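File shown: data26.tsv (TSV, C-alpha atoms).
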```
chain	number	residue	atom	x	y	z
A	1	MET	CA	28.52	-45.38	-24.94
A	2	ASN	CA	25.28	-43.44	-25.32
A	3	ASN	CA	27.22	-40.17	-25.02
A	4	ILE	CA	29.33	-40.86	-28.11
A	5	LYS	CA	28.64	-38.39	-30.85
A	6	GLN	CA	27.26	-40.41	-33.74
A	7	ASN	CA	26.04	-37.81	-36.23
A	8	PHE	CA	27.94	-34.95	-37.84
A	9	SER	CA	27.03	-32.10	-40.13
A	10	ILE	CA	29.03	-31.35	-43.25
A	11	LYS	CA	30.43	-28.35	-41.39
A	12	ASP	CA	31.62	-30.71	-38.64
A	13	LEU	CA	33.43	-32.80	-41.27
A	14	GLU	CA	35.00	-29.67	-42.71
A	15	ASN	CA	36.30	-28.65	-39.27
A	16	LEU	CA	37.52	-32.12	-38.31
A	17	CYS	CA	39.10	-33.16	-41.62
A	18	GLY	CA	40.26	-29.85	-43.07
A	19	VAL	CA	38.36	-30.42	-46.32
A	20	LYS	CA	36.00	-27.71	-47.55
A	21	ALA	CA	32.30	-28.60	-47.54
A	22	HIS	CA	32.19	-27.77	-51.26
A	23	THR	CA	34.92	-30.36	-51.94
A	24	ILE	CA	33.12	-32.98	-49.83
A	25	ARG	CA	29.96	-32.45	-51.89
A	26	ILE	CA	31.94	-32.84	-55.14
A	27	TRP	CA	33.54	-36.06	-53.88
A	28	GLU	CA	30.09	-37.39	-52.99
A	29	LYS	CA	28.52	-36.48	-56.32
A	30	ARG	CA	31.42	-37.42	-58.61
A	31	TYR	CA	32.89	-40.42	-56.79
A	32	ASN	CA	30.14	-41.63	-54.43
A	33	LEU	CA	32.71	-41.38	-51.67
A	34	LEU	CA	30.23	-40.91	-48.83
A	35	ALA	CA	26.54	-41.69	-48.48
A	36	PRO	CA	25.07	-39.20	-46.02
A	37	GLU	CA	21.61	-39.52	-44.60
A	38	ARG	CA	19.17	-36.65	-45.02
A	39	THR	CA	16.98	-34.94	-42.47
A	40	GLU	CA	13.37	-34.10	-43.21
A	41	THR	CA	14.61	-30.68	-44.34
A	42	ASN	CA	17.14	-32.34	-46.70
A	43	ILE	CA	20.22	-31.49	-44.62
A	44	ARG	CA	23.13	-33.93	-44.86
A	45	THR	CA	24.14	-35.88	-41.73
A	46	TYR	CA	27.12	-38.22	-41.46
A	47	ASN	CA	27.86	-41.08	-39.08
A	48	LEU	CA	31.12	-41.87	-37.28
A	49	GLU	CA	32.17	-44.35	-39.97
A	50	SER	CA	31.85	-41.65	-42.62
A	51	LEU	CA	34.03	-39.34	-40.53
A	52	GLN	CA	36.68	-42.04	-40.06
A	53	LYS	CA	36.66	-42.78	-43.79
A	54	LEU	CA	36.99	-39.12	-44.72
A	55	LEU	CA	39.89	-38.67	-42.29
A	56	ASN	CA	41.73	-41.56	-43.97
A	57	VAL	CA	40.84	-40.40	-47.49
A	58	THR	CA	42.11	-36.92	-46.67
A	59	TYR	CA	45.33	-38.43	-45.36
A	60	LEU	CA	45.85	-40.35	-48.61
A	61	VAL	CA	45.07	-37.32	-50.78
A	62	ASN	CA	47.47	-35.17	-48.75
A	63	SER	CA	50.07	-37.91	-49.22
A	64	GLY	CA	49.86	-37.58	-53.01
A	65	TYR	CA	47.14	-40.03	-54.02
A	66	LYS	CA	44.53	-38.78	-56.49
A	67	ILE	CA	40.96	-38.76	-55.23
A	68	SER	CA	39.86	-40.57	-58.41
A	69	ARG	CA	42.09	-43.50	-57.40
A	70	VAL	CA	41.21	-43.47	-53.72
A	71	SER	CA	37.49	-43.46	-54.50
A	72	LYS	CA	37.80	-46.86	-56.19
A	73	LEU	CA	39.14	-48.50	-53.02
A	74	ASN	CA	36.88	-50.15	-50.48
A	75	ASP	CA	37.10	-49.26	-46.80
A	76	ASN	CA	39.50	-52.08	-45.94
A	77	GLU	CA	41.79	-51.15	-48.83
A	78	ILE	CA	41.78	-47.49	-47.77
A	79	ASN	CA	42.78	-48.53	-44.24
A	80	GLU	CA	45.53	-50.77	-45.60
A	81	TYR	CA	46.92	-48.01	-47.83
A	82	VAL	CA	47.02	-45.67	-44.85
A	83	ARG	CA	48.88	-48.21	-42.73
A	84	ARG	CA	51.29	-48.92	-45.58
A	85	ILE	CA	52.34	-45.34	-46.27
A	86	VAL	CA	52.69	-44.19	-42.66
A	87	SER	CA	56.40	-43.45	-42.30
A	88	ASP	CA	58.51	-41.65	-39.75
A	89	ASN	CA	57.91	-38.31	-41.47
A	90	SER	CA	54.18	-38.67	-41.95
A	91	THR	CA	53.16	-40.34	-38.69
A	92	LYS	CA	52.27	-37.00	-37.12
A	93	SER	CA	49.18	-36.23	-39.18
A	94	GLN	CA	47.87	-39.78	-38.96
A	95	ALA	CA	48.45	-39.80	-35.20
A	96	ILE	CA	46.51	-36.55	-34.84
A	97	ASN	CA	43.64	-38.13	-36.80
A	98	SER	CA	43.76	-41.19	-34.55
A	99	PHE	CA	43.69	-39.04	-31.42
A	100	LYS	CA	40.71	-37.10	-32.80
A	101	ILE	CA	38.83	-40.34	-33.48
A	102	SER	CA	39.69	-41.62	-29.99
A	103	MET	CA	38.35	-38.33	-28.59
A	104	LEU	CA	35.08	-38.53	-30.51
A	105	ASN	CA	34.60	-42.18	-29.58
A	106	TYR	CA	35.92	-41.86	-26.00
A	107	ASP	CA	38.27	-44.66	-27.06
A	108	LEU	CA	40.98	-45.07	-24.41
A	109	GLU	CA	42.52	-48.08	-26.14
A	110	LEU	CA	43.01	-46.15	-29.41
A	111	PHE	CA	44.58	-43.21	-27.57
A	112	LEU	CA	47.02	-45.41	-25.68
A	113	GLY	CA	47.86	-47.50	-28.74
A	114	THR	CA	48.58	-44.39	-30.80
A	115	PHE	CA	50.75	-42.95	-28.05
A	116	GLU	CA	52.73	-46.19	-27.76
A	117	MET	CA	53.24	-46.22	-31.53
A	118	LEU	CA	54.65	-42.69	-31.40
A	119	SER	CA	56.83	-43.53	-28.40
A	120	GLU	CA	58.66	-46.21	-30.36
A	121	LYS	CA	60.39	-43.56	-32.49
A	122	ARG	CA	59.98	-40.29	-30.60
A	123	THR	CA	60.82	-38.83	-27.22
A	124	PHE	CA	57.97	-37.50	-25.11
A	125	ARG	CA	59.22	-33.99	-25.80
A	126	GLN	CA	58.91	-34.60	-29.55
A	127	ILE	CA	55.46	-36.14	-29.18
A	128	PHE	CA	54.20	-33.17	-27.19
A	129	ALA	CA	55.69	-30.54	-29.51
A	130	GLU	CA	54.94	-32.24	-32.83
A	131	VAL	CA	51.61	-33.96	-32.09
A	132	PHE	CA	49.95	-32.86	-28.85
A	133	ILE	CA	50.36	-29.10	-29.33
A	134	PRO	CA	48.86	-29.13	-32.88
A	135	LEU	CA	46.14	-31.50	-31.62
A	136	LEU	CA	45.25	-29.20	-28.72
A	137	THR	CA	45.14	-26.23	-31.08
A	138	GLU	CA	42.69	-28.09	-33.33
A	139	ILE	CA	40.62	-29.19	-30.34
A	140	GLY	CA	40.33	-25.58	-29.19
A	141	LEU	CA	38.98	-24.56	-32.59
A	142	LEU	CA	36.61	-27.54	-32.73
A	143	TRP	CA	35.23	-26.62	-29.31
A	144	GLN	CA	34.76	-22.97	-30.33
A	145	THR	CA	32.77	-24.04	-33.42
A	146	ASN	CA	30.60	-26.47	-31.39
A	147	THR	CA	31.91	-29.41	-33.38
A	148	ILE	CA	32.79	-31.21	-30.15
A	149	SER	CA	31.40	-31.03	-26.63
A	150	PRO	CA	33.29	-30.11	-23.45
A	151	SER	CA	33.31	-33.81	-22.49
A	152	HIS	CA	35.28	-34.62	-25.65
A	153	GLU	CA	37.83	-31.95	-24.84
A	154	HIS	CA	38.15	-33.03	-21.20
A	155	PHE	CA	38.56	-36.68	-22.16
A	156	VAL	CA	41.59	-36.11	-24.37
A	157	THR	CA	43.20	-33.28	-22.39
A	158	ASN	CA	43.08	-35.33	-19.19
A	159	LEU	CA	44.81	-38.22	-20.96
A	160	ILE	CA	47.52	-35.86	-22.20
A	161	LYS	CA	47.81	-34.47	-18.66
A	162	GLN	CA	48.32	-38.01	-17.34
A	163	LYS	CA	51.20	-38.54	-19.76
A	164	LEU	CA	52.73	-35.23	-18.72
A	165	MET	CA	52.50	-36.10	-15.03
A	166	ILE	CA	54.19	-39.47	-15.58
A	167	ASN	CA	57.09	-37.87	-17.43
A	168	ILE	CA	57.39	-35.03	-14.91
A	169	GLU	CA	57.61	-37.53	-12.05
A	170	ARG	CA	60.48	-39.33	-13.77
A	171	LEU	CA	62.43	-36.09	-14.03
A	172	GLN	CA	61.78	-35.18	-10.40
A	173	TYR	CA	63.97	-38.09	-9.31
A	174	VAL	CA	66.93	-36.56	-11.18
A	175	LYS	CA	69.03	-34.11	-9.19
A	176	ALA	CA	69.07	-30.57	-10.64
A	177	SER	CA	72.29	-29.77	-12.50
A	178	LYS	CA	71.80	-25.99	-12.73
A	179	ASN	CA	71.72	-23.83	-9.61
A	180	ASP	CA	71.80	-20.25	-10.91
A	181	LYS	CA	68.02	-19.93	-10.59
A	182	ALA	CA	64.91	-21.86	-9.62
A	183	PHE	CA	61.32	-21.67	-10.83
A	184	ILE	CA	57.95	-21.42	-9.07
A	185	LEU	CA	55.05	-22.27	-11.38
A	186	TYR	CA	51.49	-21.25	-10.51
A	187	LEU	CA	48.20	-20.05	-11.98
A	188	PRO	CA	46.31	-16.97	-10.72
A	189	GLU	CA	43.13	-17.25	-8.69
A	190	ASN	CA	40.22	-18.76	-10.67
A	191	GLU	CA	42.56	-19.84	-13.48
A	192	ILE	CA	42.31	-23.61	-14.01
A	193	HIS	CA	43.81	-24.19	-17.47
A	194	GLU	CA	47.08	-25.78	-16.43
A	195	LEU	CA	48.16	-28.02	-19.32
A	196	GLY	CA	50.50	-25.42	-20.81
A	197	LEU	CA	52.04	-24.65	-17.42
A	198	LEU	CA	52.53	-28.36	-16.74
A	199	TYR	CA	54.45	-28.70	-19.97
A	200	ILE	CA	56.67	-25.75	-19.05
A	201	ASN	CA	57.33	-27.48	-15.72
A	202	TYR	CA	58.40	-30.58	-17.67
A	203	GLU	CA	60.77	-28.53	-19.85
A	204	ILE	CA	62.29	-26.70	-16.85
A	205	LEU	CA	63.07	-30.02	-15.15
A	206	LEU	CA	64.35	-31.48	-18.42
A	207	ASN	CA	66.76	-28.53	-18.67
A	208	GLY	CA	68.20	-29.32	-15.26
A	209	TYR	CA	66.64	-26.59	-13.11
A	210	LYS	CA	64.90	-26.81	-9.77
A	211	ALA	CA	61.15	-26.24	-9.94
A	212	ILE	CA	58.17	-26.17	-7.61
A	213	TYR	CA	54.76	-26.61	-9.24
A	214	LEU	CA	51.93	-25.07	-7.20
A	215	GLY	CA	49.09	-25.59	-9.69
A	216	SER	CA	45.89	-23.68	-10.30
A	217	SER	CA	44.10	-20.80	-8.54
A	218	ILE	CA	46.90	-19.59	-6.25
A	219	PRO	CA	46.33	-16.33	-4.28
A	220	LEU	CA	49.18	-13.84	-4.47
A	221	ASP	CA	49.42	-13.50	-0.71
A	222	SER	CA	50.41	-17.17	-0.45
A	223	LEU	CA	53.51	-16.72	-2.62
A	224	PRO	CA	55.97	-14.64	-0.53
A	225	ASN	CA	57.11	-17.62	1.56
A	226	MET	CA	58.26	-19.27	-1.69
A	227	LEU	CA	61.18	-16.80	-1.79
A	228	THR	CA	63.02	-19.02	0.68
A	229	PHE	CA	63.12	-21.79	-1.93
A	230	HIS	CA	66.09	-20.27	-3.77
A	231	GLU	CA	68.12	-17.06	-3.76
A	232	ASN	CA	67.25	-16.32	-7.41
A	233	THR	CA	63.59	-17.19	-7.90
A	234	VAL	CA	61.62	-16.90	-11.14
A	235	PHE	CA	57.84	-17.13	-10.98
A	236	VAL	CA	56.12	-18.50	-14.08
A	237	SER	CA	52.39	-18.13	-14.75
A	238	TYR	CA	49.88	-18.67	-17.53
A	239	PHE	CA	47.02	-16.18	-18.04
A	240	THR	CA	44.40	-17.98	-20.16
A	241	ILE	CA	41.20	-16.44	-18.79
A	242	LYS	CA	42.39	-14.77	-15.56
A	243	PRO	CA	43.14	-12.07	-14.71
A	244	GLU	CA	40.98	-10.20	-17.22
A	245	LYS	CA	43.07	-8.14	-19.62
A	246	GLU	CA	41.90	-4.86	-18.08
A	247	ARG	CA	43.17	-6.07	-14.68
A	248	ILE	CA	46.60	-7.29	-15.73
A	249	THR	CA	48.40	-4.03	-14.91
A	250	GLU	CA	46.78	-4.05	-11.46
A	251	TYR	CA	47.73	-7.72	-11.00
A	252	LEU	CA	51.38	-7.04	-11.85
A	253	HIS	CA	51.42	-4.14	-9.38
A	254	ASP	CA	49.93	-6.40	-6.70
A	255	PHE	CA	52.57	-9.03	-7.50
A	256	ASP	CA	55.32	-6.50	-6.85
A	257	THR	CA	53.61	-5.35	-3.66
A	258	HIS	CA	53.20	-8.84	-2.21
A	259	ILE	CA	56.28	-10.64	-3.57
A	260	CYS	CA	59.00	-8.08	-4.10
A	261	LYS	CA	58.89	-6.19	-0.81
A	262	THR	CA	61.85	-8.13	0.61
A	263	ARG	CA	63.56	-9.36	-2.54
A	264	GLU	CA	62.90	-8.74	-6.22
A	265	SER	CA	61.90	-11.74	-8.30
A	266	GLU	CA	61.19	-12.12	-11.97
A	267	LEU	CA	57.72	-12.97	-13.24
A	268	TRP	CA	57.45	-14.74	-16.61
A	269	VAL	CA	53.94	-14.81	-18.09
A	270	LEU	CA	52.29	-16.48	-21.06
A	271	GLY	CA	48.69	-16.76	-22.23
A	272	LYS	CA	46.20	-15.09	-24.50
A	273	GLN	CA	45.09	-12.61	-21.82
A	274	VAL	CA	48.52	-11.08	-21.39
A	275	MET	CA	49.03	-10.63	-25.12
A	276	HIS	CA	46.37	-7.88	-25.01
A	277	ALA	CA	47.90	-6.11	-22.03
A	278	PRO	CA	50.00	-2.92	-22.06
A	279	PRO	CA	53.78	-3.41	-22.10
A	280	PRO	CA	55.13	-4.44	-18.68
A	281	THR	CA	56.21	-1.52	-16.52
A	282	SER	CA	59.01	-3.45	-14.80
A	283	SER	CA	62.06	-5.15	-16.30
A	284	LYS	CA	61.31	-8.02	-13.93
A	285	HIS	CA	58.04	-8.72	-15.73
A	286	ARG	CA	58.50	-10.66	-18.95
A	287	PHE	CA	55.74	-11.55	-21.41
A	288	PHE	CA	56.12	-14.44	-23.86
A	289	SER	CA	53.99	-15.01	-26.94
A	290	SER	CA	54.52	-18.78	-26.95
A	291	ILE	CA	55.98	-21.66	-24.99
A	292	ALA	CA	58.74	-21.92	-27.60
A	293	ASP	CA	59.78	-18.30	-26.90
A	294	LEU	CA	59.95	-18.95	-23.17
A	295	LEU	CA	61.98	-22.13	-23.61
A	296	LYS	CA	64.68	-20.17	-25.44
A	297	GLU	CA	65.43	-18.48	-22.11
A	298	LEU	CA	66.18	-21.72	-20.30
```

Now, as a test, write the supplied structure out as structure tokens.
Amino acid sequence: MNNIKQNFSIKDLENLCGVKAHTIRIWEKRYNLLAPERTETNIRTYNLESLQKLLNVTYLVNSGYKISRVSKLNDNEINEYVRRIVSDNSTKSQAINSFKISMLNYDLELFLGTFEMLSEKRTFRQIFAEVFIPLLTEIGLLWQTNTISPSHEHFVTNLIKQKLMINIERLQYVKASKNDKAFILYLPENEIHELGLLYINYEILLNGYKAIYLGSSIPLDSLPNMLTFHENTVFVSYFTIKPEKERITEYLHDFDTHICKTRESELWVLGKQVMHAPPPTSSKHRFFSSIADLLKEL
């Protein structure tokens, strides 16, 4: 528990809650909403309870409640109002807040409870698309601004990965219904960010195709024997940090050299690295700007 982040700057609150620091200061001065402590240099610091309160207050304000009304409620009343107004249409934002709090507090029970609540009314596919993807986007920004530590990010992403793996395993017991092509999913050497690729694997299986998931850091020279898996093979990869954008053209050429000597195969690629690369030189190389764009091809 000693690793739990207990103190936050006003900039942290702005990043986590989506409320401008200027607005937070106004709410403090006009409505006594929060009571920050002050450092010796008079800089505001906020505890975890203040963050949780601001997340709930923001949720109420975004749901149509006036801040002047919310400010008159005590903490228990604020929590009760939040529970009362959570409906099928508004659960998403509250769930994202709950997952963020569970991340900051390393709270496994809160994460699992929130996921179970979502599962009562949503499929896993809906949860991932509507809640986990926006959450992961926010987490990436929070990490870039030093609002959270790598341990926070790893805690929540590994829990999401666990849920993905469970749902993938369930689909693997179902016989493929489509045989026109099969997919090989892998990450290039030294690329370890596999959450997006895992989700694509889930979607491929859900759509009835055969798929083999190889995982992270796969050398190109280990891929040719995969061509025996199916007559029409599509390789799918995710370039998050590797290969570097200036090496992507070379990588694609090496892919053709190693993989397509005996039989041509398509290569579908996503990731921020490839978005900066020159247009593909082969019709067999296809770049996608998002998972949603790739899924349209299934």

Closest of A:Tyr209, A:Asp256, A:Leu195, A:Lys181 to His230 of chain A, counting all atoms listed in the file, is A:Lys181

Please determine, counting all atoms listed in the file, which residue among A:Phe132, A:Tyr65, A:Phe155, A:Phe183 has the shortest atom-to-atom distance to Ser102 of chain A.
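Checking each candidate against Ser102 of chain A, we get A:Phe155 as the closest.
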
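Each of A:Thr233, A:Asn97, A:Ser119, A:Ser177 was checked against Leu51 of chain A using only C-alpha atoms; the smallest atom-to-atom distance is that of A:Asn97.
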
Need the shell around Leu214 of chain A: protein/DNA/RNA residues with any atom at most 8 Å away, counting all atoms listed in the file. Skip same-chain ones fewer than 5 positions apart. Format as a VMD selection string?
chain A and resid 184 to 187

Point (56.0, -29.7, -30.5) neighbourhood (12 Å, all atoms listed in the file) written as a VMD selection string:
chain A and resid 92 122 to 137 196 199 203 290 to 292 295

Residues within 8 Å of (62.2, -13.4, -12.2), file coords, all atoms listed in the file, listed as a count of residues only
11

Near Glu49 of chain A, within 10 Å and counting only C-alpha atoms, which residues show up once chain neighbours fewer than 6 positions away are dropped, as a PyMOL selection string?
chain A and resi 6-7+34+55+75

Using the selection just defined, write its residues with C-alpha atoms as a PDB file, keeping the file's coordinate frame.
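So again-v9.pdb came out as:
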```pdb
ATOM      1  CA  GLN A   6      27.260 -40.410 -33.740  1.00  0.00           C
ATOM      2  CA  ASN A   7      26.040 -37.810 -36.230  1.00  0.00           C
ATOM      3  CA  LEU A  34      30.230 -40.910 -48.830  1.00  0.00           C
ATOM      4  CA  LEU A  55      39.890 -38.670 -42.290  1.00  0.00           C
ATOM      5  CA  ASP A  75      37.100 -49.260 -46.800  1.00  0.00           C
TER       6      ASP A  75
END
```

Atom CA of Asn158 of chain A to atom CA of Asn15 of chain A: how many Å, to one decimal?
22.2 Å

Find the spatial neighbours of segment 164-171 of chain A, counting only C-alpha atoms, within a cut-off of 7 Å - ignore same-chain residues fewer than 5 positions away - and output them as a list in words.
Tyr199, Tyr202, Leu205 and Leu206 of chain A

Could the residues in this selection be written to a file with C-alpha atoms, as a tab-separated table (two decimals), in the coordinates of the input?
```
chain	number	residue	atom	x	y	z
A	199	TYR	CA	54.45	-28.70	-19.97
A	202	TYR	CA	58.40	-30.58	-17.67
A	205	LEU	CA	63.07	-30.02	-15.15
A	206	LEU	CA	64.35	-31.48	-18.42
```

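Nearest to Asp180 of chain A of all the residues A:Glu40, A:Glu231, A:Glu297, A:Asp221 is A:Glu231, based on all atoms listed in the file.
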
How many Å lie between atom CA of Gly64 of chain A and atom CA of Asn76 of chain A, rounded to one decimal?
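Taking atom CA of Gly64 of chain A and atom CA of Asn76 of chain A, their separation equals 19.2 Å.
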
Separating atom CA of Pro224 of chain A from atom CA of Lys161 of chain A, to the nearest tenth of an Å, is a gap of 28.1 Å

Residue neighbourhood Asp254 of chain A, 12 Å, all atoms listed in the file, exclusion window fewer than 2 positions, as an MDAnalysis selection string
chainID A and resid 188 219:221 223:224 243 247:252 256:261

Measuring atom to atom with only C-alpha atoms, identify which of A:Ala211, A:Leu110, A:Ala95, A:Ile139 is nearest to Asn179 of chain A.
A:Ala211

For His22 of chain A, please output as a list in words all residues within 12 Å (counting only C-alpha atoms; exclusion window: fewer than 6 positions along the same chain).
Ile10, Lys11, Leu13, Glu14, Glu28 and Lys29 of chain A

When distances are computed from only C-alpha atoms, which of A:Asn225, A:Asn42, A:Thr240, A:Gln172 shows the smallest separation from Asn201 of chain A?
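That would be A:Gln172, the residue with the smallest distance to Asn201 of chain A.
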
Would you compute, for all listed atoms of segment 267-286 of chain A, the axis-aligned bounding box grown by 3 Å on each side, and then report its centre and edge lengths in Å rounded to one decimal, as lines of an AutoDock Vina configuration file?
```
center_x = 53.6
center_y = -9.1
center_z = -19.2
size_x = 23.0
size_y = 21.2
size_z = 17.9
```
